[in-house]
Each structure stands twice: as C-alpha cells, then as structure tokens.
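With compact mmCIF, C-alpha atoms inside, this is start12.txt:
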```
# COMPACT_ATOMS: atom_id res chain seq x y z
CA MET A 1167 0.00 0.00 0.00
CA GLU A 1168 1.21 3.49 -0.81
CA THR A 1169 0.90 5.84 2.14
CA GLU A 1170 1.07 9.59 2.36
CA VAL A 1171 0.85 11.24 5.77
CA GLU A 1172 1.02 14.93 6.46
CA ILE A 1173 0.57 17.24 9.42
CA THR A 1174 0.01 20.77 8.26
CA GLY A 1175 -0.75 24.21 9.58
CA GLU A 1176 -2.63 25.03 6.41
CA ARG A 1177 -6.33 24.77 5.74
CA ILE A 1178 -7.25 21.42 4.24
CA GLY A 1179 -8.57 21.54 0.67
CA GLY A 1180 -10.06 24.43 -1.19
CA GLY A 1181 -13.83 24.33 -1.46
CA ARG A 1182 -16.38 23.80 1.25
CA GLY A 1183 -19.17 21.99 -0.57
CA THR A 1184 -20.22 18.48 0.24
CA GLY A 1185 -19.23 17.01 -3.10
CA GLY A 1186 -15.81 15.48 -3.50
CA GLY A 1187 -13.91 17.12 -6.30
CA GLY A 1188 -11.78 14.22 -7.38
CA VAL A 1189 -14.00 11.28 -8.07
CA GLY A 1190 -11.84 8.91 -10.04
CA ALA A 1191 -9.20 6.70 -8.49
CA GLY A 1192 -5.77 5.40 -9.27
CA GLY A 1193 -5.02 2.22 -11.19
CA GLY A 1194 -6.83 -0.90 -10.03
CA ALA A 1195 -8.97 0.77 -7.40
CA GLY A 1196 -12.68 0.00 -7.42
CA ALA A 1197 -13.49 1.96 -4.30
CA ARG A 1198 -12.42 5.12 -2.58
CA VAL A 1199 -13.57 5.93 0.94
CA GLU A 1200 -12.95 9.35 2.40
CA PHE A 1201 -13.41 10.64 5.90
CA VAL A 1202 -13.42 14.30 6.82
CA GLY A 1203 -13.50 15.28 10.48
CA VAL A 1204 -14.94 18.75 10.93
CA VAL A 1205 -14.82 21.03 13.98
CA ARG A 1206 -18.28 21.32 15.49
CA GLY A 1207 -19.63 24.38 17.29
CA THR A 1208 -19.82 22.70 20.68
CA GLU A 1209 -17.28 20.76 22.70
CA GLY A 1210 -18.36 19.08 25.91
CA GLY A 1211 -21.59 21.09 25.81
CA ARG A 1212 -19.88 24.50 25.56
CA ALA A 1213 -20.05 26.72 22.51
CA ILE A 1214 -16.64 27.09 20.93
CA SER A 1215 -15.29 29.08 18.01
CA ALA A 1216 -12.45 26.75 17.12
CA LEU A 1217 -10.27 23.90 18.28
CA ARG A 1218 -6.53 24.33 18.69
CA TYR A 1219 -4.63 21.18 17.75
CA GLU A 1220 -1.05 20.40 18.69
CA ALA A 1221 1.04 17.43 17.66
CA TYR A 1222 4.27 15.77 18.60
CA ARG A 1223 4.93 16.03 14.96
CA PRO A 1224 7.53 13.48 13.86
CA MET A 1225 6.14 10.84 16.20
CA ALA A 1226 2.55 11.56 15.13
CA GLU A 1227 3.44 11.19 11.47
CA ASN A 1228 5.35 7.98 12.15
CA GLN A 1229 2.54 6.56 14.24
CA MET A 1230 -0.02 7.29 11.54
CA ARG A 1231 2.15 5.58 8.96
CA LYS A 1232 2.73 2.57 11.23
CA ILE A 1233 -0.98 2.22 12.01
CA LEU A 1234 -1.91 2.39 8.33
CA LEU A 1235 0.59 -0.31 7.41
CA GLU A 1236 -0.45 -2.47 10.33
CA LEU A 1237 -4.15 -2.21 9.39
CA ASN A 1238 -3.28 -2.89 5.78
CA ARG A 1239 -2.31 -6.43 6.76
CA SER A 1240 -5.89 -7.27 7.72
CA HIS A 1241 -7.61 -4.85 5.30
CA PRO A 1242 -5.45 -4.77 2.16
CA CYS A 1243 -5.78 -1.47 0.32
CA LEU A 1244 -3.91 0.22 -2.49
CA ARG A 1245 -3.37 3.77 -1.26
CA ALA A 1246 -3.94 5.71 1.93
CA ARG A 1247 -3.57 9.42 2.44
CA VAL A 1248 -3.98 11.30 5.71
CA ILE A 1249 -3.76 15.03 6.28
CA HIS A 1250 -4.17 16.33 9.83
CA ARG A 1251 -4.32 20.06 10.38
CA ILE A 1252 -2.80 21.60 13.52
CA GLY A 1253 -3.04 25.06 15.05
CA VAL A 1254 -6.38 26.83 15.28
CA VAL A 1255 -9.11 25.14 13.21
CA PRO A 1256 -12.32 27.20 13.12
CA VAL A 1257 -15.76 25.64 13.48
CA GLY A 1258 -16.94 24.16 10.19
CA GLU A 1259 -13.44 23.52 8.85
CA ALA A 1260 -11.72 20.17 8.49
CA ALA A 1261 -9.25 18.94 11.08
CA ILE A 1262 -8.50 15.69 9.28
CA HIS A 1263 -8.97 14.19 5.86
CA VAL A 1264 -8.40 10.48 5.26
CA SER A 1265 -8.65 9.00 1.78
CA VAL A 1266 -8.22 5.30 1.07
CA GLU A 1267 -8.43 3.43 -2.21
CA ALA A 1268 -8.89 -0.31 -2.49
CA VAL A 1269 -9.89 -2.93 -5.00
CA HIS A 1270 -13.14 -3.56 -3.12
CA ARG A 1271 -15.09 -1.30 -0.81
CA ALA A 1272 -15.16 -3.46 2.33
CA GLU A 1273 -11.42 -3.14 2.92
CA ALA A 1274 -11.45 0.61 2.34
CA PHE A 1275 -14.35 1.17 4.76
CA ALA A 1276 -12.68 -1.00 7.39
CA LEU A 1277 -9.28 0.61 7.05
CA VAL A 1278 -10.57 4.18 7.30
CA SER A 1279 -12.92 3.44 10.16
CA VAL A 1280 -10.42 1.48 12.27
CA PHE A 1281 -7.71 4.01 11.48
CA MET A 1282 -9.84 6.75 13.02
CA ASP A 1283 -10.31 4.66 16.17
CA ARG A 1284 -6.58 4.03 16.44
CA LEU A 1285 -5.75 7.68 15.73
CA LYS A 1286 -7.78 8.65 18.77
CA GLU A 1287 -5.85 6.19 20.94
CA ASP A 1288 -2.27 6.13 19.75
CA VAL A 1289 -1.34 9.22 17.75
CA PRO A 1290 0.16 12.09 19.76
CA ILE A 1291 -2.17 14.87 18.65
CA TRP A 1292 -4.25 16.88 21.12
CA LYS A 1293 -7.04 19.38 20.84
CA ALA A 1294 -8.17 22.18 23.13
CA ALA A 1295 -11.28 24.32 22.87
CA VAL A 1296 -11.02 27.94 21.79
CA LEU A 1297 -13.99 29.68 23.36
CA GLY A 1298 -16.07 32.22 21.46
CA MET B 1062 -32.00 13.96 7.35
CA GLU B 1063 -31.78 15.88 4.10
CA THR B 1064 -31.47 13.59 1.10
CA GLU B 1065 -30.45 14.27 -2.46
CA VAL B 1066 -30.54 11.45 -4.98
CA GLU B 1067 -29.68 11.69 -8.63
CA ILE B 1068 -29.24 9.34 -11.56
CA THR B 1069 -27.30 11.01 -14.31
CA GLY B 1070 -25.84 10.30 -17.71
CA GLU B 1071 -23.08 12.82 -17.03
CA ARG B 1072 -19.61 12.20 -15.71
CA ILE B 1073 -19.49 12.52 -11.92
CA GLY B 1074 -17.38 15.41 -10.64
CA GLY B 1075 -14.67 17.27 -12.40
CA GLY B 1076 -11.19 16.27 -11.29
CA ARG B 1077 -9.71 12.85 -11.03
CA GLY B 1078 -7.27 13.19 -8.14
CA THR B 1079 -7.58 11.35 -4.89
CA GLY B 1080 -8.19 14.41 -2.75
CA GLY B 1081 -11.72 15.51 -2.04
CA GLY B 1082 -12.27 19.07 -3.11
CA GLY B 1083 -14.91 20.08 -0.61
CA VAL B 1084 -13.63 19.37 2.85
CA GLY B 1085 -15.88 21.35 5.13
CA ALA B 1086 -19.39 20.29 6.03
CA GLY B 1087 -22.77 21.79 6.64
CA GLY B 1088 -23.98 23.10 9.98
CA GLY B 1089 -23.62 20.76 12.94
CA ALA B 1090 -21.75 18.03 11.10
CA GLY B 1091 -18.61 16.68 12.72
CA ALA B 1092 -18.00 13.98 10.15
CA ARG B 1093 -18.35 13.45 6.47
CA VAL B 1094 -17.89 10.04 4.89
CA GLU B 1095 -17.71 9.67 1.14
CA PHE B 1096 -17.71 6.61 -1.02
CA VAL B 1097 -16.75 6.57 -4.66
CA GLY B 1098 -17.23 3.40 -6.67
CA VAL B 1099 -14.93 3.29 -9.67
CA VAL B 1100 -15.03 1.05 -12.73
CA ARG B 1101 -12.12 -1.38 -12.64
CA GLY B 1102 -10.34 -2.79 -15.68
CA THR B 1103 -11.51 -6.35 -15.15
CA GLU B 1104 -14.95 -7.83 -14.59
CA GLY B 1105 -15.28 -11.52 -13.77
CA GLY B 1106 -11.67 -12.03 -14.82
CA ARG B 1107 -12.07 -10.46 -18.30
CA ALA B 1108 -10.46 -7.20 -19.36
CA ILE B 1109 -13.10 -4.56 -20.00
CA SER B 1110 -12.99 -1.02 -21.28
CA ALA B 1111 -16.12 0.21 -19.54
CA LEU B 1112 -19.32 -0.81 -17.82
CA ARG B 1113 -22.69 0.11 -19.24
CA TYR B 1114 -25.24 0.89 -16.52
CA GLU B 1115 -28.99 0.99 -16.96
CA ALA B 1116 -31.59 1.95 -14.40
CA TYR B 1117 -35.33 1.73 -13.94
CA ARG B 1118 -34.97 5.36 -13.22
CA PRO B 1119 -37.91 6.64 -11.16
CA MET B 1120 -38.03 3.45 -9.11
CA ALA B 1121 -34.26 3.44 -8.58
CA GLU B 1122 -34.32 7.03 -7.32
CA ASN B 1123 -37.26 6.28 -5.03
CA GLN B 1124 -35.63 3.13 -3.70
CA MET B 1125 -32.41 4.96 -2.91
CA ARG B 1126 -34.33 7.66 -1.06
CA LYS B 1127 -36.36 5.08 0.86
CA ILE B 1128 -33.29 3.08 1.83
CA LEU B 1129 -31.48 6.22 3.04
CA LEU B 1130 -34.42 7.24 5.20
CA GLU B 1131 -34.87 3.74 6.54
CA LEU B 1132 -31.17 3.48 7.48
CA ASN B 1133 -31.31 6.93 9.02
CA ARG B 1134 -33.58 5.54 11.73
CA SER B 1135 -30.81 3.31 13.08
CA HIS B 1136 -27.87 5.53 12.01
CA PRO B 1137 -29.06 9.13 12.37
CA CYS B 1138 -27.25 11.45 10.01
CA LEU B 1139 -27.74 15.02 8.86
CA ARG B 1140 -27.38 14.87 5.08
CA ALA B 1141 -27.02 12.18 2.46
CA ARG B 1142 -26.28 12.67 -1.19
CA VAL B 1143 -26.08 9.95 -3.84
CA ILE B 1144 -25.21 10.33 -7.51
CA HIS B 1145 -25.28 7.24 -9.71
CA ARG B 1146 -24.09 7.51 -13.27
CA ILE B 1147 -25.74 5.46 -16.03
CA GLY B 1148 -24.78 4.75 -19.62
CA VAL B 1149 -21.20 3.86 -20.52
CA VAL B 1150 -18.76 4.51 -17.66
CA PRO B 1151 -15.13 4.02 -18.76
CA VAL B 1152 -12.57 2.23 -16.61
CA GLY B 1153 -11.16 4.56 -13.94
CA GLU B 1154 -14.26 6.78 -13.79
CA ALA B 1155 -16.82 6.90 -11.01
CA ALA B 1156 -20.11 5.03 -11.28
CA ILE B 1157 -21.40 6.19 -7.90
CA HIS B 1158 -20.62 8.87 -5.34
CA VAL B 1159 -22.19 8.76 -1.89
CA SER B 1160 -21.60 11.54 0.62
CA VAL B 1161 -23.03 11.50 4.14
CA GLU B 1162 -22.65 14.03 6.93
CA ALA B 1163 -23.36 13.28 10.57
CA VAL B 1164 -22.67 14.70 13.99
CA HIS B 1165 -20.35 11.78 14.77
CA ARG B 1166 -18.41 9.54 12.45
CA ALA B 1167 -19.80 6.13 13.47
CA GLU B 1168 -23.26 6.87 12.09
CA ALA B 1169 -21.87 8.24 8.84
CA PHE B 1170 -19.64 5.21 8.28
CA ALA B 1171 -22.50 2.84 9.05
CA LEU B 1172 -25.01 4.60 6.84
CA VAL B 1173 -22.73 4.77 3.79
CA SER B 1174 -21.52 1.21 4.18
CA VAL B 1175 -24.95 -0.36 4.71
CA PHE B 1176 -26.43 1.82 1.98
CA MET B 1177 -23.96 0.32 -0.50
CA ASP B 1178 -24.96 -3.19 0.55
CA ARG B 1179 -28.64 -2.38 0.15
CA LEU B 1180 -28.06 -0.65 -3.19
CA LYS B 1181 -26.63 -3.87 -4.54
CA GLU B 1182 -29.69 -5.81 -3.40
CA ASP B 1183 -32.70 -3.57 -3.85
CA VAL B 1184 -32.08 -0.74 -6.30
CA PRO B 1185 -33.02 -1.47 -9.92
CA ILE B 1186 -29.71 -0.58 -11.57
CA TRP B 1187 -27.76 -3.05 -13.68
CA LYS B 1188 -24.33 -3.15 -15.22
CA ALA B 1189 -22.97 -4.98 -18.23
CA ALA B 1190 -19.36 -5.26 -19.35
CA VAL B 1191 -18.18 -3.37 -22.41
CA LEU B 1192 -15.28 -5.38 -23.78
CA GLY B 1193 -12.10 -3.72 -25.02
CA MET C 308 -53.02 4.43 -13.91
CA GLY C 309 -55.90 2.17 -13.04
CA ASP C 310 -58.30 3.82 -15.49
CA PRO C 311 -59.39 1.07 -17.92
CA SER C 312 -60.85 3.53 -20.38
CA SER C 313 -57.45 4.89 -21.36
CA ASP C 314 -55.47 1.68 -21.60
CA GLY C 315 -57.84 -0.86 -23.09
CA GLY C 316 -57.58 -3.09 -20.02
CA GLN C 317 -53.87 -3.61 -20.39
CA VAL C 318 -50.76 -3.24 -18.26
CA ARG C 319 -47.46 -1.91 -19.52
CA VAL C 320 -44.62 -4.34 -18.78
CA LEU C 321 -40.99 -3.17 -18.70
CA PHE C 322 -38.11 -5.59 -19.20
CA PHE C 323 -34.67 -4.69 -17.85
CA SER C 324 -31.22 -6.14 -18.26
CA GLY C 325 -31.27 -9.95 -18.56
CA ALA C 326 -35.07 -9.96 -18.84
CA ARG C 327 -34.89 -7.62 -21.83
CA GLU C 328 -32.19 -9.77 -23.42
CA ALA C 329 -34.17 -12.96 -22.75
CA CYS C 330 -37.27 -11.80 -24.58
CA GLY C 331 -35.68 -9.34 -27.00
CA LEU C 332 -37.86 -6.39 -26.14
CA ALA C 333 -37.83 -3.55 -23.65
CA GLU C 334 -41.54 -3.24 -23.07
CA ALA C 335 -44.87 -4.79 -23.94
CA MET C 336 -48.57 -4.24 -23.38
CA VAL C 337 -50.32 -7.23 -21.83
CA ALA C 338 -54.04 -7.83 -21.32
CA CYS C 339 -55.04 -7.64 -17.69
CA PRO C 340 -58.22 -9.55 -16.93
CA SER C 341 -60.10 -8.87 -13.73
CA GLY C 342 -58.62 -10.66 -10.73
CA MET C 343 -55.16 -11.01 -12.25
CA ARG C 344 -52.29 -11.21 -9.78
CA ILE C 345 -48.61 -10.37 -10.27
CA GLY C 346 -47.76 -14.08 -10.30
CA ASP C 347 -50.36 -14.71 -13.04
CA LEU C 348 -48.81 -11.96 -15.11
CA LEU C 349 -45.35 -13.48 -14.72
CA GLU C 350 -46.68 -16.87 -15.87
CA GLU C 351 -48.31 -15.22 -18.88
CA LEU C 352 -45.01 -13.53 -19.75
CA VAL C 353 -43.09 -16.81 -19.46
CA ARG C 354 -45.66 -18.43 -21.77
CA ARG C 355 -45.09 -15.75 -24.35
CA HIS C 356 -41.32 -15.57 -23.96
CA ALA C 357 -39.78 -18.97 -23.24
CA GLY C 358 -36.41 -17.26 -22.71
CA LEU C 359 -37.74 -15.86 -19.44
CA ALA C 360 -38.22 -19.31 -17.90
CA PRO C 361 -34.66 -19.64 -16.54
CA LEU C 362 -35.03 -16.23 -14.88
CA ARG C 363 -38.33 -17.06 -13.20
CA GLY C 364 -36.69 -17.98 -9.89
CA GLN C 365 -34.54 -14.85 -9.70
CA VAL C 366 -36.67 -12.11 -11.15
CA ARG C 367 -38.64 -9.79 -8.91
CA LEU C 368 -41.57 -7.76 -10.12
CA ALA C 369 -42.37 -4.17 -9.37
CA ARG C 370 -45.83 -2.68 -9.72
CA ASN C 371 -45.97 1.08 -10.19
CA GLY C 372 -42.41 1.50 -8.94
CA GLU C 373 -42.60 -0.65 -5.81
CA PHE C 374 -41.56 -4.27 -5.37
CA ALA C 375 -44.71 -6.40 -5.50
CA ARG C 376 -45.60 -9.73 -3.95
CA MET C 377 -46.64 -12.52 -6.33
CA ASP C 378 -50.14 -12.62 -4.79
CA GLU C 379 -50.64 -8.88 -5.20
CA GLY C 380 -53.36 -7.77 -7.60
CA VAL C 381 -52.48 -6.08 -10.88
CA PHE C 382 -54.88 -3.67 -12.59
CA PRO C 383 -55.34 -2.13 -16.01
CA GLY C 384 -53.10 0.89 -16.41
CA ASP C 385 -50.46 -0.40 -14.03
CA GLU C 386 -46.80 -0.32 -14.95
CA VAL C 387 -45.11 -3.62 -14.09
CA ALA C 388 -41.35 -4.12 -14.32
CA LEU C 389 -39.33 -7.31 -14.40
CA ILE C 390 -36.33 -6.79 -12.13
CA PRO C 391 -33.54 -9.33 -12.59
CA PRO C 392 -30.85 -9.40 -9.88
CA VAL C 393 -29.47 -5.89 -9.65
CA SER C 394 -25.81 -4.85 -9.86
CA GLY C 395 -25.53 -1.12 -9.32
CA GLY C 396 -22.73 0.75 -7.60
CA MET D 776 21.42 10.55 20.45
CA GLY D 777 23.11 8.33 22.94
CA ASP D 778 26.42 10.21 22.79
CA PRO D 779 27.07 11.51 26.32
CA SER D 780 29.79 13.86 25.16
CA SER D 781 27.38 16.13 23.29
CA ASP D 782 24.56 16.33 25.80
CA GLY D 783 26.26 16.40 29.18
CA GLY D 784 24.62 13.15 30.22
CA GLN D 785 21.11 14.56 29.93
CA VAL D 786 17.86 13.67 28.21
CA ARG D 787 15.57 16.18 26.57
CA VAL D 788 12.02 15.89 27.91
CA LEU D 789 9.05 17.23 25.93
CA PHE D 790 5.75 18.08 27.63
CA PHE D 791 2.57 18.12 25.57
CA SER D 792 -0.99 19.29 26.18
CA GLY D 793 -2.06 18.68 29.80
CA ALA D 794 1.49 17.74 30.83
CA ARG D 795 2.78 21.06 29.53
CA GLU D 796 0.02 22.92 31.34
CA ALA D 797 0.64 20.96 34.54
CA CYS D 798 4.29 21.90 34.79
CA GLY D 799 4.21 25.17 32.89
CA LEU D 800 6.95 24.35 30.42
CA ALA D 801 7.23 22.71 27.04
CA GLU D 802 10.58 21.08 27.49
CA ALA D 803 13.35 20.44 29.99
CA MET D 804 16.80 18.87 30.19
CA VAL D 805 17.07 16.20 32.87
CA ALA D 806 20.16 14.41 34.12
CA CYS D 807 20.25 10.78 33.08
CA PRO D 808 22.39 8.66 35.38
CA SER D 809 23.55 5.26 34.21
CA GLY D 810 20.90 2.56 34.58
CA MET D 811 17.97 5.00 34.55
CA ARG D 812 14.68 3.60 33.30
CA ILE D 813 11.69 5.41 31.80
CA GLY D 814 9.74 4.87 35.05
CA ASP D 815 12.59 6.42 37.07
CA LEU D 816 12.54 9.46 34.79
CA LEU D 817 8.79 9.86 35.26
CA GLU D 818 9.20 9.71 39.05
CA GLU D 819 11.95 12.33 38.84
CA LEU D 820 9.68 14.59 36.76
CA VAL D 821 6.80 14.19 39.22
CA ARG D 822 9.19 15.12 42.07
CA ARG D 823 10.15 18.29 40.24
CA HIS D 824 6.65 19.20 39.05
CA ALA D 825 4.01 18.26 41.58
CA GLY D 826 1.33 19.24 39.05
CA LEU D 827 2.20 16.13 37.06
CA ALA D 828 1.16 13.79 39.89
CA PRO D 829 -2.53 13.59 38.92
CA LEU D 830 -1.51 12.71 35.35
CA ARG D 831 0.83 9.91 36.39
CA GLY D 832 -1.75 7.18 35.84
CA GLN D 833 -2.78 8.40 32.39
CA VAL D 834 0.39 9.65 30.81
CA ARG D 835 2.40 7.48 28.46
CA LEU D 836 6.04 8.12 27.67
CA ALA D 837 7.74 7.97 24.33
CA ARG D 838 11.46 7.53 23.88
CA ASN D 839 12.90 8.74 20.58
CA GLY D 840 9.49 8.82 18.97
CA GLU D 841 8.21 5.40 20.06
CA PHE D 842 5.97 4.53 22.99
CA ALA D 843 8.22 3.16 25.74
CA ARG D 844 7.60 0.70 28.56
CA MET D 845 8.24 1.93 32.09
CA ASP D 846 11.04 -0.62 32.56
CA GLU D 847 12.78 0.42 29.38
CA GLY D 848 16.23 2.01 29.75
CA VAL D 849 16.76 5.68 28.96
CA PHE D 850 20.12 7.03 27.85
CA PRO D 851 21.88 10.38 27.59
CA GLY D 852 20.87 12.14 24.38
CA ASP D 853 17.46 10.50 24.23
CA GLU D 854 14.34 12.54 23.57
CA VAL D 855 11.57 11.56 25.92
CA ALA D 856 8.02 12.88 25.56
CA LEU D 857 5.15 12.89 28.04
CA ILE D 858 2.03 11.86 26.13
CA PRO D 859 -1.24 12.62 27.95
CA PRO D 860 -4.38 10.97 26.53
CA VAL D 861 -4.57 11.99 22.89
CA SER D 862 -7.52 13.59 21.12
CA GLY D 863 -6.70 14.04 17.47
CA GLY D 864 -9.09 13.78 14.54
```
Kindly transcribe the structure held in the file into structure tokens.
Amino acid sequence: METEVEITGERIGGGRGTGGGGVGAGGGAGARVEFVGVVRGTEGGRAISALRYEAYRPMAENQMRKILLELNRSHPCLRARVIHRIGVVPVGEAAIHVSVEAVHRAEAFALVSVFMDRLKEDVPIWKAAVLG
Amino acid sequence: METEVEITGERIGGGRGTGGGGVGAGGGAGARVEFVGVVRGTEGGRAISALRYEAYRPMAENQMRKILLELNRSHPCLRARVIHRIGVVPVGEAAIHVSVEAVHRAEAFALVSVFMDRLKEDVPIWKAAVLG
Amino acid sequence: MGDPSSDGGQVRVLFFSGAREACGLAEAMVACPSGMRIGDLLEELVRRHAGLAPLRGQVRLARNGEFARMDEGVFPGDEVALIPPVSGG
Amino acid sequence: MGDPSSDGGQVRVLFFSGAREACGLAEAMVACPSGMRIGDLLEELVRRHAGLAPLRGQVRLARNGEFARMDEGVFPGDEVALIPPVSGG
C-alpha cells in the first residue's frame, strides 16, 4: 500500500461543498472511501469558536504511517492518504482528511474506520477548545 | 435527514485526483464520509474497457431515497447525497458517489456502508461489461 | 393508472437487463383480466417468452415503482417491471 | 542521540498538552544517570513538578518517537516525551 501522511498548519482543501472534487481513483482501485472530520460548534456542551490542535509532529506522522501499514495487513488497500491540520481550526473547517483506495469497498471502509479509532488512541495529537 | 438522490448520464465530478475538493461540512456536522465506486479494468476475470449501466430510473431514485431514510432511523445522520451515473462509464471513472454528513463519524460510516450493501440488493440498476 | 378507459384493459410491462435480453424487447402491453395477480402476469409472460423461464426464480416484479408480492393484484393501467438481480454501484 | 559527550549526560524531555500545562513548560533537560529507566525518569519529573502527579496514571512516555515501557532504559541524548491521553481527529 502506498501511504502519504502529512501534518500541516494550512487549511485542508479548497472548497467547502459536500461534493468530493476528485471522483476517479488510481489504477486498479474499485473503491475510494474518504473521511473528513470537521470542527463542530460545541465541545463538551460549551459553545466554541475553534479547536486548537497540537502534535508531537515526527512521532505523530510515524505513528499514523505505522498504524496504516499495520491495518493494511488485515484490510489490504492500495493507497492511503492522511492530512491532519494543527493550530487553530475554526468551526466548520476540516481537522482531518483520510482517503483510502482499495480494489473492493469493504477493505477501504474498514481501514478508514479502524484508522480513526486508532488515531484517537495512539497518535500524539491533542485538541483544546477555543472559546467564542 | 436531508437527502439528495440523482441518476445522471453525465460524468461525476470534475477532477480525477484522490483528494476531495470540498472538505468542510454543513452546519452541525462533525464527520463526512464519502464513497466513490470506480469502474475497474476487469470484470469476472475479463479485461473490459467500460461498464454500461442501466436503471429503472424513477423506481431506482425512489428506492435509494427510501433506503437512506430507513437506514437513518438506526444511524441518524444530517445529510445524504447519492449520484449514480448510467450509460457507458469508462474504466477509472466513477459510477457512484455517496456523501453522508453526521454529527459523529460512526453513524456516517454505518449509513454509507450499509447503503452500498442495500443498493446492490434492492435498487433497480444493472451493469454490463463493455469489452475492449 | 388504473383507469381502464385509457389503456384498453392492459398493463405496460418493462423488461430490464437480462429480462430484456431474454425476450428481445424492452416493453410490452399485456391484457389484464379482472382478478389477475402479479404471479399470473409473470406466468403469462413466461408463456409468451420462453427465454424468461430460466429467470423465473430470480426475477422480482415491481408494480408502479414498488416491489410487488406474487399474490398482489395487478390492474389495467399499471406499470409492471421485471427486475432481474441488480448490480448497481 | 546516545552520545554523552554532546549532551552532558542529559535527556531532553518534551511536555505536551495537559502535561505542559501541569508543569508550565514545554521542554526540559534532565540528568540521566547510568541505569535509569523510563519509570525512574517519570518519578523524577513528578518530584520536580508536583502538578504532574494527577496525570501519572494516564500519561504514556515515548522515547525517541516510540511509545516506551516503564522498565525500558533511557540514555543520555534521548528525547523523551510525556504523552497525555490523545484527542486528534
């Protein structure tokens, strides 16, 4: 599986619509599953204006890569791409974008979904609320 | 849940990269899950150049809407959008694009994944191989 | 739909995918006598188009855009579709 | 890393998120005597920064970018990070 992992201070993507822009896939893929995690306007019941993310950057990138390759053993996929934004991420904007291509959809769904669970356990990235 | 269902003879989306273009989400959503089904170069072991899709159009659109709303009862989401292309879809291009937004990711993953299973059982759309 | 005056007591039958290939046509008008059920209509179609026989166990029928049970009534003006196993997505 | 001549026999300790807030600094240099283990280093940090005590049960430590067991050795030049419960995504 090809992997591409990035932690960035930049806004993820360009547009804000719900439609994906790129809707093809690389050679051999029959399925692409994407997950976008978006900052919501409340955190623990309080209204917030943003979340501030910090990362232990080299370790976080390595961990993401290791988790993807580990999950690929049970859910073989062709390509996985993760972008996690750090710094202040305003409400309504994306904090993370995961895109996985596979021959069949079951593996891609499983890999993305389990990756998100593992991210929230084992990747050194933290968020803190920025109040209105 | 808002639903938007479309069967189209047009190519889905513009670009062909792996990155989603729109990476925000509508009000209240914390998660967006997208699925893109892409025509692969082989079908039942034979090399193909495309798949030709046909639909019993009004019924297929109604069935998709009904399935989405039925699944929404067990996996409450905010918005669901499905575009299925019909006619000749060349290898590497998208036949279907499903995009679901939810407050939390688990519901969005479940709805998209189960929707795809149900689509392949109960929505009157058929494909046939177009040989090289 | 359901108004016999405008359809001469017939139903419109749509054939999709393998069903269309099996009988070589995309749609047909079929007489719909009083008391006819979906299952009766399917038998009538198989009588007319022997190629449909192998599909009989797999095909589902829809009446006016909804899947229909075999014992469901069918009425003049209805649109009935033969739905072979689907393969969208 | 691991070359005592260049680091004066110390390890660099990084504090993230709640650990940083608890001790009010983002990083520190800590002496690393021979035979020190990750658990010893954590105890030393808690002695210096009482605010870390409540985190002791939740925090994990990483050595040179990998999660480390408490009985794992730590060596001059290593980079050790205190990893409170994470919340990415």
*Residues of chain D near chain A: apply a cut-off of 8 Å, count all atoms listed in the file, and supply the list as a VMD selection string.*
chain D and resid 791 to 792 840 to 841 858 860 to 864
C-alpha atoms of the current selection, written as a PDB file, keeping the file's coordinate frame:
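The resulting out.pdb:
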```
ATOM      1  CA  PHE D 791       2.570  18.120  25.570  1.00  0.00           C
ATOM      2  CA  SER D 792      -0.990  19.290  26.180  1.00  0.00           C
ATOM      3  CA  GLY D 840       9.490   8.820  18.970  1.00  0.00           C
ATOM      4  CA  GLU D 841       8.210   5.400  20.060  1.00  0.00           C
ATOM      5  CA  ILE D 858       2.030  11.860  26.130  1.00  0.00           C
ATOM      6  CA  PRO D 860      -4.380  10.970  26.530  1.00  0.00           C
ATOM      7  CA  VAL D 861      -4.570  11.990  22.890  1.00  0.00           C
ATOM      8  CA  SER D 862      -7.520  13.590  21.120  1.00  0.00           C
ATOM      9  CA  GLY D 863      -6.700  14.040  17.470  1.00  0.00           C
ATOM     10  CA  GLY D 864      -9.090  13.780  14.540  1.00  0.00           C
TER      11      GLY D 864
END
```
*Could you check how far CA of Phe1176 in chain B sits from CA of Ala1190 in chain B, in Å to one decimal?*
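Pair CA of Phe1176 in chain B / CA of Ala1190 in chain B returns 23.6 Å.
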*asked:* At a cut-off of 9 Å, using all atoms listed in the file, what residues contact Arg367 in chain C? Leave out same-chain residues fewer than 6 positions from it and give the result as a list of chain:residue names.
replied: C:Phe374, C:Ala375, C:Arg376, C:Met377, C:Ala388, C:Leu389, C:Ile390, C:Pro391, C:Pro392
*Write out as a list in words which residues come within 8 Å of Phe850 in chain D when counting only C-alpha atoms, dropping same-chain ones fewer than 2 positions away.*
Gly777, Gly784, Gln785, Val786, Cys807, Ser809, Met811, Gly848, Gly852 and Asp853 of chain D
*Atom-to-atom span, CA of Glu1063 in chain B and CA of Val1266 in chain A, Å*: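 Going from CA of Glu1063 in chain B over to CA of Val1266 in chain A covers 26.0 Å.
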*In Å to one decimal, how far is CA of Pro1256 in chain A from CA of Gly1210 in chain A?*
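Going from CA of Gly1210 in chain A over to CA of Pro1256 in chain A covers 16.3 Å.
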*Using all atoms listed in the file, find the one residue out of B:Met1062, B:Val1150, B:Met1125, B:Ser1135 that sits nearest to Ala1090 in chain B.*
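Answer, going by the shortest atom-to-atom distance: B:Met1062.
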Compile the contact shell of range 796-804 of chain D as a short mmCIF file (atom, residue, chain, number, x, y, z; two decimals) with C-alpha atoms, in the coordinates of the input: residues with an atom at most 6 Å away, counting all atoms listed in the file, same-chain residues fewer than 3 positions apart removed.
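Result saved to result08.cif:
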```
data_model
loop_
_atom_site.label_atom_id
_atom_site.label_comp_id
_atom_site.auth_asym_id
_atom_site.auth_seq_id
_atom_site.Cartn_x
_atom_site.Cartn_y
_atom_site.Cartn_z
CA VAL D 786 17.86 13.67 28.21
CA ARG D 787 15.57 16.18 26.57
CA VAL D 788 12.02 15.89 27.91
CA LEU D 789 9.05 17.23 25.93
CA PHE D 790 5.75 18.08 27.63
CA GLY D 793 -2.06 18.68 29.80
CA HIS D 824 6.65 19.20 39.05
CA GLY D 826 1.33 19.24 39.05
CA LEU D 827 2.20 16.13 37.06
#
```
*Determine the nearest neighbour of Gly1253 in chain A from the options A:Arg1218, A:Arg1206, A:Arg1177, A:Arg1198, counting all atoms listed in the file.*
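Once distances to Gly1253 in chain A are computed over all atoms listed in the file, the minimum belongs to A:Arg1218.
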*Between B:Leu1132, B:Cys1138, B:Ala1163, B:Val1191, which one has atoms that come closest to chain A, using only C-alpha atoms?*
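Once distances to chain A are computed over only C-alpha atoms, the minimum belongs to B:Ala1163.
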_Let me make sure I understand: among B:Ile1068, B:Pro1137, B:Val1143, B:Val1094, which one has the smallest atom-to-atom distance to chain A if we use all atoms listed in the file?_
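Of the candidates, the smallest distance to chain A is held by B:Val1094.
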_Give me the residues near Val353 in chain C as an MDAnalysis selection string, where near means some atom within 12 Å (using all atoms listed in the file) and where sequence neighbours in that chain fewer than 4 positions away do not count._
chainID C and resid 326 329:330 346:349 357:364 366 389
